[in-house]
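Shown next, in structure tokens, is the structure this report addresses.
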Amino acid sequence: MNSDKRLTTTGSTAKGPQAAELWPLVHAERAALAADLAGLTDEQWATPSWCEGLSVREVLAHLTAGASLTSLRWLAGVIRCRFDFDKQVAMRLAEQLGASPAETLARFARVVESTTKPLLPVIAMLGEAVVHAEDIRGPLGLRNASPIGTLTLVAEYYQGSDQVVAARRRIAGLRLAATDGPFATGSGPLASGTTLALIMATTGRMAYCDELEGDGVEILRGRHAMR
């Protein structure tokens, strides 16, 4: 599963914040999600997420897996699954699901402050934390309270990258503009809305197009199947 579903460790540069600055943001997003999920019923845990085919519990297990995989273990899993990346993701998710929702949450709580990651930059881990948290919160009616600075960093990452999900290709030829923060990118037909709605639509969650305005929204909606 992806979110559609290079960084060093010192100082900021013109290319953006560095890993040492990003990890605390990742940890804050994970901690906020863990707190939001502490009181869920078994029925709520089984709620279908915005990540197609997965329950909110399964998406949380996927986040745990991502925070538990070293690059070496990730590569070993890819080889074991004969380079079937979806199979690798499903295998790792199953490893972290646990026997009950309480165990799923406990496993996630243990990796809240992890800096372990597969072959991805830290900004991608922040993107995963934000997007998959919304995959969980949205169907449960829980409100995202991420700082606008964090959301802007994630939006800027996805607008320039197809590394984890076909985000850059999905918004090609469009202008995106946030109504609640400084994020803006591209040229062409406009899609405007909150930074979070732009992130989610950019990463393939087309329900969030309902929260956007502009001539570019229908074009964006028509690209939902890109991977």
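In the structure tokens, the first chain shown is A, the next is B, and so on; residue numbers restart at 1 for each chain, and ligands run from 1 in the order shown.
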
Would you list the contacts of Ser187 in chain A as a PDB file with C-alpha atoms, in the first residue's frame, taking every protein, DNA or RNA residue within 7 Å and counting only C-alpha atoms, but skipping same-chain residues closer than 3 positions in sequence?
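The resulting file, result_20.pdb, is reproduced below:
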ATOM      1  CA  GLY A 173      -1.072  21.155 -15.452  1.00  0.00           C
ATOM      2  CA  LEU A 174      -3.147  22.347 -12.493  1.00  0.00           C
ATOM      3  CA  ARG A 175      -2.749  25.176 -10.035  1.00  0.00           C
TER       4      ARG A 175
END

Practice item. Tell me, as a ChimeraX atom specification, which residues lie within 12 Å of Gln96 in chain A, counting only C-alpha atoms; anything in the same chain fewer than 2 positions away does not count. Key: /A:57-69,89-94,98-111

Point to revise | Residue neighbourhood Ala172 in chain A, 12 Å, only C-alpha atoms, exclusion window fewer than 3 positions, as a VMD selection string | key: chain A and resid 158 to 162 166 to 169 175 to 176 185 to 191 202 216 219 to 220 223 226

Exercise for review: Find the distance between CA of Asp210 in chain A and CA of Glu128 in chain A and write it in Å to one decimal.
Suggested key: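 Atom-to-atom, CA of Asp210 in chain A to CA of Glu128 in chain A, that is 22.1 Å.
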
Check your understanding: Near range 17-25 of chain A, within 12 Å and counting only C-alpha atoms, which residues show up once chain neighbours fewer than 4 positions away are dropped, as a ChimeraX atom specification?
Key -> /A:6-13,29-32,67,112-117,120-130,146-154,156-157

**Study point:** Atom-to-atom span, CA of Gly222 in chain A and CA of Leu142 in chain A, Å
**Key:** 27.3 Å

Exercise for review: Check range 84-200 of chain A with DSSP on the backbone and list each residue it calls alpha helix (DSSP H), as number ranges by chain.
Suggested key: A: 85-97, 101-110, 122-140, 148-159, 167-170, 195-200
